[in-house]
file start_18.cif (mmCIF, C-alpha atoms)
data_target
loop_
_atom_site.label_atom_id
_atom_site.label_comp_id
_atom_site.auth_asym_id
_atom_site.auth_seq_id
_atom_site.Cartn_x
_atom_site.Cartn_y
_atom_site.Cartn_z
CA MET J 666 150.64 134.95 162.03
CA LYS J 667 154.05 134.17 163.39
CA ARG J 668 155.72 130.86 163.58
CA GLU J 669 156.73 129.78 167.04
CA ASN J 670 160.45 129.66 167.10
CA SER J 671 161.39 128.29 170.45
CA GLU J 672 163.37 125.12 171.04
CA GLY J 673 160.63 122.81 169.87
CA LYS J 674 159.22 122.28 166.41
CA TYR J 675 155.66 122.19 165.21
CA ILE J 676 155.49 119.14 162.97
CA ILE J 677 152.64 117.92 160.78
CA ILE J 678 152.75 114.34 159.51
CA ILE J 679 150.40 113.30 156.72
CA GLY J 680 149.50 109.61 156.74
CA CYS J 681 149.59 107.37 159.78
CA GLY J 682 150.85 104.21 158.17
CA ARG J 683 153.79 102.30 159.60
CA LEU J 684 156.24 105.01 158.57
CA GLY J 685 154.09 107.95 159.65
CA ALA J 686 153.18 106.36 162.98
CA TYR J 687 156.76 105.41 163.81
CA LEU J 688 158.01 108.86 162.92
CA ALA J 689 155.25 110.58 164.91
CA SER J 690 155.92 108.47 168.01
CA THR J 691 159.63 109.11 167.82
CA LEU J 692 159.24 112.85 167.31
CA SER J 693 156.73 113.23 170.13
CA GLU J 694 159.21 111.71 172.56
CA SER J 695 161.00 115.01 172.57
CA LYS J 696 158.83 117.02 174.91
CA GLN J 697 159.51 120.26 173.11
CA ASN J 698 157.98 119.16 169.84
CA SER J 699 154.35 119.45 168.97
CA VAL J 700 153.28 116.70 166.59
CA VAL J 701 150.07 116.49 164.57
CA VAL J 702 149.24 113.38 162.55
CA ILE J 703 146.53 113.45 159.91
CA ASP J 704 144.96 110.33 158.41
CA LYS J 705 141.69 109.60 156.68
CA LYS J 706 141.07 106.50 158.76
CA GLU J 707 140.65 106.62 162.50
CA GLU J 708 141.93 103.01 162.88
CA ALA J 709 145.26 104.16 161.49
CA PHE J 710 145.99 105.91 164.77
CA ASP J 711 146.01 102.53 166.55
CA ARG J 712 149.52 102.21 165.16
CA LEU J 713 150.71 105.05 167.35
CA GLY J 714 152.27 103.69 170.49
CA SER J 715 150.69 104.33 173.87
CA SER J 716 153.47 106.77 174.66
CA TYR J 717 152.49 109.03 171.76
CA SER J 718 151.88 112.53 172.98
CA GLY J 719 150.55 114.64 170.18
CA PHE J 720 147.45 115.37 168.17
CA THR J 721 145.55 113.20 165.75
CA ILE J 722 143.14 114.49 163.14
CA VAL J 723 140.83 112.25 161.13
CA ALA J 724 140.48 114.05 157.81
CA ASP J 725 141.56 114.12 154.20
CA ALA J 726 144.79 116.09 154.08
CA SER J 727 144.42 116.76 150.39
CA GLU J 728 141.71 119.25 151.32
CA ILE J 729 143.10 122.64 152.14
CA GLU J 730 140.66 123.16 155.01
CA THR J 731 142.12 120.11 156.78
CA LEU J 732 145.57 121.62 156.56
CA ARG J 733 144.23 124.89 157.92
CA ASN J 734 142.59 123.07 160.84
CA ALA J 735 145.96 121.53 161.56
CA LYS J 736 147.29 125.10 161.72
CA ILE J 737 149.72 124.53 158.90
CA MET J 738 150.54 128.23 158.94
CA ASN J 739 152.37 127.63 162.23
CA ALA J 740 154.17 124.52 161.07
CA ASP J 741 157.95 124.30 161.03
CA VAL J 742 157.96 120.97 159.25
CA LEU J 743 155.54 118.96 157.14
CA VAL J 744 156.18 115.34 156.24
CA ALA J 745 153.99 113.61 153.63
CA THR J 746 154.17 109.86 154.20
CA THR J 747 151.11 108.44 152.48
CA ASN J 748 151.67 105.53 150.12
CA HIS J 749 150.58 107.54 147.10
CA ASP J 750 153.41 109.48 145.54
CA ASN J 751 151.07 111.87 143.76
CA THR J 752 149.17 112.68 146.94
CA ASN J 753 152.46 113.34 148.67
CA ILE J 754 153.60 115.58 145.82
CA MET J 755 150.40 117.58 145.89
CA ILE J 756 150.31 118.08 149.66
CA ALA J 757 154.01 118.88 149.78
CA GLN J 758 153.54 121.42 147.02
CA ILE J 759 150.63 123.10 148.81
CA ALA J 760 152.64 123.23 152.02
CA LYS J 761 155.67 124.65 150.29
CA SER J 762 154.20 127.12 147.84
CA PHE J 763 150.94 128.15 149.43
CA PHE J 764 151.67 128.03 153.16
CA ASN J 765 155.43 128.58 152.99
CA VAL J 766 156.24 125.79 155.42
CA PRO J 767 160.01 126.09 155.95
CA LYS J 768 160.79 122.39 155.73
CA VAL J 769 158.78 119.99 153.62
CA ILE J 770 159.74 116.35 153.26
CA ALA J 771 157.91 113.77 151.17
CA ARG J 772 158.09 110.03 151.01
CA LEU J 773 158.62 108.70 147.55
CA THR J 774 158.10 105.10 146.50
CA GLU J 775 159.11 105.70 142.90
CA PRO J 776 162.67 107.05 142.88
CA ALA J 777 162.23 108.23 139.29
CA LYS J 778 159.92 110.99 140.49
CA GLU J 779 162.62 112.55 142.59
CA LYS J 780 163.28 115.18 139.93
CA VAL J 781 159.78 116.58 140.26
CA TYR J 782 160.29 117.22 143.93
CA ALA J 783 163.75 118.61 143.50
CA GLU J 784 162.38 121.24 141.14
CA LEU J 785 159.85 122.27 143.78
CA GLY J 786 162.44 122.53 146.52
CA ILE J 787 161.00 119.62 148.46
CA ASP J 788 163.22 117.11 150.23
CA THR J 789 162.46 113.49 149.50
CA ILE J 790 163.08 110.21 151.20
CA SER J 791 162.72 107.14 149.07
CA PRO J 792 162.53 103.94 151.11
CA THR J 793 163.00 101.96 147.90
CA ALA J 794 166.23 103.69 147.02
CA LEU J 795 167.47 103.65 150.63
CA SER J 796 166.90 99.95 151.14
CA SER J 797 168.29 98.98 147.77
CA MET J 798 171.46 100.91 148.59
CA GLU J 799 171.70 99.13 151.90
CA PHE J 800 171.16 95.78 150.21
CA TYR J 801 173.85 96.69 147.71
CA ARG J 802 176.26 97.60 150.49
CA ILE J 803 175.73 94.36 152.37
CA ILE J 804 175.97 92.27 149.21
CA MET J 805 179.23 93.87 148.17
CA GLU J 806 180.70 93.64 151.69
CA ASN J 807 180.01 89.97 152.13
CA GLY J 808 180.71 89.27 148.50
CA ASP J 809 183.21 86.56 149.02
CA MET G 1008 156.69 130.38 195.81
CA ASP G 1009 154.37 127.44 195.91
CA MET G 1010 153.71 125.55 192.72
CA LYS G 1011 150.53 126.35 190.88
CA LYS G 1012 148.22 123.38 190.55
CA ILE G 1013 146.62 122.64 187.24
CA LEU G 1014 144.03 119.99 186.44
CA VAL G 1015 143.84 118.66 182.89
CA ILE G 1016 140.52 117.08 181.95
CA ASP G 1017 140.54 115.31 178.60
CA ASP G 1018 139.38 111.90 177.43
CA GLU G 1019 142.31 111.51 175.02
CA LYS G 1020 145.40 110.04 176.59
CA ASN G 1021 147.84 111.56 174.11
CA ILE G 1022 146.55 115.06 174.82
CA ARG G 1023 146.78 114.55 178.58
CA THR G 1024 150.35 113.35 178.20
CA LEU G 1025 151.23 116.26 175.94
CA VAL G 1026 149.76 118.91 178.20
CA ARG G 1027 151.28 117.36 181.29
CA ASN G 1028 154.69 117.22 179.65
CA CYS G 1029 154.66 120.84 178.61
CA LEU G 1030 153.32 122.19 181.87
CA GLN G 1031 155.52 120.13 184.15
CA GLU G 1032 158.54 121.58 182.40
CA SER G 1033 157.31 125.03 183.35
CA ALA G 1034 157.22 123.96 186.99
CA TYR G 1035 153.49 123.59 187.41
CA GLU G 1036 152.00 120.79 189.42
CA VAL G 1037 149.80 118.88 187.00
CA ASP G 1038 147.00 116.48 187.82
CA ILE G 1039 144.84 114.71 185.29
CA ALA G 1040 141.29 113.49 184.95
CA VAL G 1041 140.09 111.22 182.17
CA ASN G 1042 136.52 112.47 181.95
CA GLY G 1043 134.03 115.01 183.22
CA GLU G 1044 132.97 112.91 186.20
CA GLU G 1045 136.50 112.44 187.48
CA GLY G 1046 137.28 116.08 186.78
CA TYR G 1047 134.27 117.19 188.77
CA SER G 1048 135.09 115.09 191.80
CA LYS G 1049 138.71 116.20 191.77
CA LEU G 1050 137.76 119.85 191.53
CA LYS G 1051 135.28 119.38 194.33
CA GLU G 1052 137.76 117.68 196.63
CA SER G 1053 140.86 119.78 196.22
CA VAL G 1054 141.88 123.26 195.22
CA TYR G 1055 143.42 123.93 191.83
CA ASP G 1056 144.55 127.19 190.28
CA VAL G 1057 143.43 126.47 186.73
CA ALA G 1058 141.45 123.70 185.06
CA LEU G 1059 142.05 122.85 181.41
CA ILE G 1060 138.85 121.30 180.10
CA ASP G 1061 138.31 119.61 176.77
CA ILE G 1062 135.02 120.86 175.38
CA LYS G 1063 134.22 117.63 173.56
CA MET G 1064 134.17 114.61 175.83
CA PRO G 1065 131.94 111.55 175.95
CA GLY G 1066 129.56 111.59 178.91
CA ILE G 1067 129.73 114.96 180.59
CA SER G 1068 130.88 117.48 177.99
CA GLY G 1069 133.17 120.38 178.81
CA LEU G 1070 130.33 122.89 178.91
CA GLU G 1071 128.16 120.62 181.03
CA LEU G 1072 131.04 120.19 183.44
CA LEU G 1073 131.48 123.95 183.54
CA ARG G 1074 127.80 124.38 184.34
CA MET G 1075 127.99 121.73 187.08
CA LEU G 1076 130.95 123.50 188.62
CA ARG G 1077 129.27 126.91 188.63
CA ASP G 1078 125.97 125.50 189.88
CA ASN G 1079 127.84 124.09 192.84
CA GLY G 1080 129.70 127.29 193.51
CA ILE G 1081 133.12 126.17 192.29
CA GLN G 1082 134.62 129.34 190.82
CA ILE G 1083 137.83 127.94 189.39
CA ASP G 1084 139.52 129.61 186.41
CA VAL G 1085 139.16 127.46 183.34
CA VAL G 1086 140.69 127.21 179.91
CA MET G 1087 138.52 125.41 177.40
CA MET G 1088 140.24 123.22 174.83
CA THR G 1089 138.33 123.06 171.58
CA ALA G 1090 138.56 120.43 168.90
CA TYR G 1091 139.81 120.86 165.36
CA GLY G 1092 137.65 123.10 163.27
CA THR G 1093 134.77 123.48 165.66
CA VAL G 1094 133.13 126.75 166.45
CA GLU G 1095 133.23 127.63 170.08
CA ARG G 1096 130.05 128.17 171.97
CA ALA G 1097 131.61 131.19 173.51
CA VAL G 1098 128.61 133.20 174.58
CA GLU G 1099 127.37 130.25 176.58
CA ALA G 1100 130.85 129.65 177.96
CA MET G 1101 131.26 133.33 178.77
CA LYS G 1102 128.05 133.30 180.78
CA LEU G 1103 129.47 130.36 182.69
CA GLY G 1104 132.62 132.31 183.40
CA ALA G 1105 134.99 130.91 180.81
CA ILE G 1106 136.74 133.28 178.47
CA ASP G 1107 139.96 131.50 177.60
CA PHE G 1108 140.06 129.08 174.73
CA ILE G 1109 142.83 127.14 173.13
CA SER G 1110 142.17 125.31 169.91
CA LYS G 1111 143.80 121.99 169.11
CA PRO G 1112 146.35 121.38 167.81
CA PHE G 1113 148.40 123.73 169.94
CA THR G 1114 152.11 124.11 170.55
CA PRO G 1115 153.77 123.78 173.97
CA ASP G 1116 154.39 127.54 173.82
CA GLU G 1117 150.73 128.34 173.28
CA ILE G 1118 149.60 126.27 176.22
CA ARG G 1119 152.18 127.78 178.52
CA ARG G 1120 151.29 131.28 177.39
CA ILE G 1121 147.57 130.88 178.00
CA ILE G 1122 148.10 129.37 181.46
CA LYS G 1123 150.45 132.18 182.32
CA SER G 1124 148.01 134.86 181.17
CA VAL G 1125 145.20 133.30 183.21
CA LEU G 1126 147.39 133.15 186.32
CA ASP G 1127 148.82 136.63 185.81
CA ARG G 1128 145.36 138.09 185.34
CA LYS G 1129 144.54 137.28 188.94
CA LEU G 1130 147.41 139.43 190.11
CA LEU G 1131 146.28 142.53 188.23
CA ASP G 1132 145.49 145.49 190.41
CA GLU G 1133 142.99 147.95 188.96
CA SER G 1134 144.89 150.96 190.29
CA THR G 1135 148.16 150.08 188.57
CA ILE G 1136 146.92 149.10 185.13
CA GLU G 1137 148.74 150.97 182.41
CA THR G 1138 149.61 149.00 179.31
CA PHE G 1139 147.37 147.62 176.62
CA PRO G 1140 147.80 143.94 177.54
CA GLU G 1141 147.08 144.71 181.18
CA THR G 1142 143.97 146.66 180.30
CA LEU G 1143 142.73 143.91 177.99
CA GLU G 1144 143.38 141.22 180.59
CA PHE G 1145 141.65 143.29 183.24
CA ALA G 1146 138.63 143.69 180.97
CA LYS G 1147 138.55 139.91 180.64
CA SER G 1148 138.66 139.47 184.38
CA CYS G 1149 135.71 141.88 184.60
CA ILE G 1150 133.79 139.73 182.14
CA LEU G 1151 134.62 136.69 184.25
CA SER G 1152 133.38 138.34 187.42
CA LYS G 1153 130.22 139.29 185.51
CA ASP G 1154 130.96 142.99 185.74
CA ILE G 1155 130.09 143.60 182.10
CA ASP G 1156 129.77 147.39 182.38
CA LYS G 1157 133.25 147.67 183.78
CA ALA G 1158 134.52 145.29 181.12
CA VAL G 1159 133.12 147.56 178.41
CA ILE G 1160 134.83 150.57 179.97
CA TYR G 1161 138.17 148.79 180.05
CA LEU G 1162 137.79 147.38 176.56
CA LYS G 1163 137.24 150.92 175.28
CA LYS G 1164 140.29 152.06 177.24
CA ALA G 1165 142.26 149.23 175.66
CA MET G 1166 141.15 150.43 172.22
CA GLY G 1167 142.55 153.86 173.00
CA LEU G 1168 145.84 152.36 174.12
CA ASP G 1169 146.32 150.30 170.98
CA LEU G 1170 144.34 151.62 168.07
CA ASP G 1171 145.46 148.79 165.82
CA SER G 1172 144.40 145.82 167.91
CA PRO G 1173 141.28 143.97 166.76
CA GLU G 1174 140.82 142.05 170.01
CA PRO G 1175 138.88 144.60 172.08
CA HIS G 1176 136.49 145.09 169.15
CA ASN G 1177 135.88 141.36 168.91
CA LEU G 1178 135.22 141.04 172.63
CA LEU G 1179 132.87 144.04 172.55
CA GLY G 1180 131.07 142.29 169.72
CA VAL G 1181 130.62 139.15 171.80
CA ILE G 1182 129.33 141.26 174.69
CA SER G 1183 126.84 142.98 172.36
CA GLU G 1184 125.70 139.58 171.17
CA MET G 1185 125.30 138.47 174.73
CA ASN G 1186 123.06 141.48 175.27
CA GLY G 1187 121.10 140.54 172.17
CA ASP G 1188 122.21 143.48 170.02
CA VAL G 1189 123.29 141.70 166.86
CA LEU G 1190 123.67 144.78 164.69
CA LYS G 1191 125.94 146.44 167.20
CA ALA G 1192 127.88 143.19 167.48
CA GLN G 1193 128.37 143.09 163.72
CA GLN G 1194 129.69 146.64 163.77
CA HIS G 1195 132.28 145.60 166.32
CA TYR G 1196 133.25 142.53 164.32
CA ARG G 1197 133.56 144.63 161.15
CA ALA G 1198 135.77 147.08 163.02
CA ALA G 1199 137.97 144.21 164.18
CA ILE G 1200 138.25 142.87 160.64
CA ALA G 1201 139.01 146.32 159.25
CA LEU G 1202 142.00 146.45 161.59
CA ASP G 1203 143.12 142.92 160.86
CA PRO G 1204 141.50 141.19 157.90
CA THR G 1205 142.93 137.84 159.02
CA HIS G 1206 141.43 137.96 162.52
CA LYS G 1207 139.89 134.54 162.52
CA ALA G 1208 137.56 134.92 165.49
CA ALA G 1209 136.02 138.16 164.24
CA ASN G 1210 135.64 136.73 160.74
CA ASN G 1211 133.91 133.65 162.14
CA ASN G 1212 131.65 135.77 164.27
CA LEU G 1213 130.68 138.06 161.43
CA THR G 1214 130.06 135.18 159.04
CA ARG G 1215 127.99 133.44 161.63
CA THR G 1216 125.85 136.42 162.49
CA VAL G 1217 125.40 137.66 158.93
CA ILE G 1218 125.41 134.71 156.57
CA ASP G 1219 124.76 131.59 158.56
CA GLY G 1220 121.83 133.14 160.33
CA PHE G 1221 122.04 134.36 163.83
CA SER G 1222 122.86 131.88 166.54
CA LYS G 1223 124.06 133.27 169.80
CA GLU G 1224 125.41 129.93 170.89
CA ASP G 1225 128.49 130.04 168.75
CA ALA G 1226 130.29 133.32 169.33
CA ASP G 1227 134.01 133.08 169.01
CA LEU G 1228 136.00 134.83 171.70
CA GLY G 1229 139.23 134.93 169.83
CA LYS G 1230 142.38 134.93 171.92
CA THR G 1231 143.58 131.75 170.30
CA LEU G 1232 142.98 130.70 166.75
CA THR G 1233 139.68 129.15 165.98
CA GLU G 1234 138.74 127.59 162.75
CA LYS G 1235 135.59 127.36 160.74
CA PRO G 1236 133.39 124.31 161.17
CA GLU G 1237 133.89 121.49 158.72
CA GLY G 1238 130.28 121.80 157.72
CA ASN G 1239 130.40 120.81 154.10
CA LYS G 1240 132.60 117.77 154.43
CA LYS G 1241 131.49 114.40 153.19
#
call {"tool": "encode", "arguments": {"input": "start_18.cif", "output": "structure tokens"}}
result
Amino acid sequence: MKRENSEGKYIIIIGCGRLGAYLASTLSESKQNSVVVIDKKEEAFDRLGSSYSGFTIVADASEIETLRNAKIMNADVLVATTNHDNTNIMIAQIAKSFFNVPKVIARLTEPAKEKVYAELGIDTISPTALSSMEFYRIIMENGD
Amino acid sequence: MDMKKILVIDDEKNIRTLVRNCLQESAYEVDIAVNGEEGYSKLKESVYDVALIDIKMPGISGLELLRMLRDNGIQIDVVMMTAYGTVERAVEAMKLGAIDFISKPFTPDEIRRIIKSVLDRKLLDESTIETFPETLEFAKSCILSKDIDKAVIYLKKAMGLDLDSPEPHNLLGVISEMNGDVLKAQQHYRAAIALDPTHKAANNNLTRTVIDGFSKEDADLGKTLTEKPEGNKK
């Protein structure tokens, strides 16, 4: 099976919380992209704006069959945004090692776990670390 | 050249938006319908080149809509959109003159490609067919016009033109199933799998006919990827 390599990207987002939903809506604005969001709860998709143009799948993404149904073998990017670090690690690892998804990004609430991801070749975004850095910057700027 | 008109019938707004976005960029005129009823009345009132129909809709389902259209003599070309991880009821659909399936989630490229192949198929001229894709597409158009014997001839020709392609074998299998010859169908599916062990449609068809017990309703036409049913999920 070949990956589609035209202008647009095939993006799978795991978890439709505030972060996942916002990201999905933003990415689907580009008409070339194809976005698939997976969440266990159907209500979660209410967070997607009315302009969202992509797919939604109600299923448990920690099951490999769910990822297959989402056609992970065609994916250019997978983003794991659930609020469980370990779930994100596991899914990211499956995507990276088993399905060879070229770009895998995981959300990380505990910055200390970053090492684990780094060893697996998975990019991480830690909202905790990002916001604390921003806080730090503002505090130091307006220091006196 | 005039713009080809396409009608998208799906109950999900995000899918309608997605399909419309990708097809409008390819210079097709796109109209939408939110359910089977609206789709039916639109197809009855005006002429479209292709209808994209979601198979799973509340109220009138995709297959019911297809049957309504055929019963009323509306012979439009259709592409059926199937949901995640469902098995297509392809034999039934094939009898109703639908052979093209696209399984969600799909990429903009996939949707454009399938629309193009459906439109291009209409332009094929039997006397000038040479290549493997042309032969295969012509065989499909024979199936659609219910000329099964001719379809078989062209599928066998296609096999000769590309010995490595599993697709003609899979389609022959579905035709055998349609004729009620399950053993023959299984032979075709096995041949398809021998050529390409990852051929999803043939694998599904073989599993269904051998292990799950025979049910003619669910044959998988291939063409696009189709996944196994999520049968054993909680």
call {"tool": "interface_residues", "arguments": {"input": "start_18.cif", "of": "chain J", "to": "chain G", "cutoff": "7 Å", "atoms": "all atoms listed in the file", "output": "NGL selection string"}}
result
:J and (675 or 696-697 or 699 or 701 or 717-720 or 734-735)
call {"tool": "resolve_selection", "arguments": {"input": "start_18.cif", "expression": "the PyMOL selection byres ((chain G and resi 1165) around 8)", "output": "PyMOL selection string"}}
result
chain G and resi 1139-1140+1142-1143+1161-1164+1166-1169+1175
call {"tool": "resolve_selection", "arguments": {"input": "start_18.cif", "expression": "the PyMOL selection byres ((chain J and resi 769) around 12)", "output": "number ranges by chain"}}
result
J: 676-679, 737, 740-746, 753-762, 764-768, 770-772, 782-783, 785-790
call {"tool": "closest_residue", "arguments": {"input": "start_18.cif", "among": "J:Glu799, J:Glu775, J:Glu728, J:Asp704", "to": "Thr747 (chain J)", "atoms": "all atoms listed in the file"}}
result
J:Asp704
call {"tool": "resolve_selection", "arguments": {"input": "start_18.cif", "expression": "the PyMOL selection byres ((chain J and resi 792) around 8)", "output": "mmCIF file with C-alpha atoms, keeping the file's coordinate frame"}}
result
data_model
loop_
_atom_site.group_PDB
_atom_site.id
_atom_site.type_symbol
_atom_site.label_atom_id
_atom_site.label_comp_id
_atom_site.auth_asym_id
_atom_site.auth_seq_id
_atom_site.Cartn_x
_atom_site.Cartn_y
_atom_site.Cartn_z
ATOM 1 C CA ARG J 772 158.090 110.030 151.010
ATOM 2 C CA LEU J 773 158.620 108.700 147.550
ATOM 3 C CA THR J 774 158.100 105.100 146.500
ATOM 4 C CA ILE J 790 163.080 110.210 151.200
ATOM 5 C CA SER J 791 162.720 107.140 149.070
ATOM 6 C CA THR J 793 163.000 101.960 147.900
ATOM 7 C CA ALA J 794 166.230 103.690 147.020
ATOM 8 C CA LEU J 795 167.470 103.650 150.630
ATOM 9 C CA SER J 796 166.900 99.950 151.140
#
call {"tool": "residues_around", "arguments": {"input": "start_18.cif", "residues": "region 1050-1067 of chain G", "least_positions_apart": "6", "cutoff": "6 Å", "atoms": "only C-alpha atoms", "output": "NGL selection string"}}
result
:G and (1012-1017 or 1043 or 1084-1089)
call {"tool": "atom_distance", "arguments": {"input": "start_18.cif", "atom1": "CA of Thr731 (chain J)", "atom2": "CA of Lys674 (chain J)"}}
result
19.7 Å
call {"tool": "residues_around", "arguments": {"input": "start_18.cif", "residues": "Glu1144 (chain G)", "least_positions_apart": "3", "cutoff": "10 Å", "atoms": "all atoms listed in the file", "output": "PyMOL selection string"}}
result
chain G and resi 1124-1125+1127-1129+1131+1136+1139-1141+1147-1150+1158+1161-1162+1165
call {"tool": "atom_distance", "arguments": {"input": "start_18.cif", "atom1": "CA of Ala686 (chain J)", "atom2": "CA of Arg712 (chain J)"}}
result
5.9 Å
call {"tool": "residues_around", "arguments": {"input": "start_18.cif", "residues": "Tyr1196 (chain G)", "least_positions_apart": "4", "cutoff": "7 Å", "atoms": "all atoms listed in the file", "output": "JSON, numbers by chain"}}
result
{"G": [1176, 1177, 1180, 1192, 1200, 1209, 1212, 1213]}
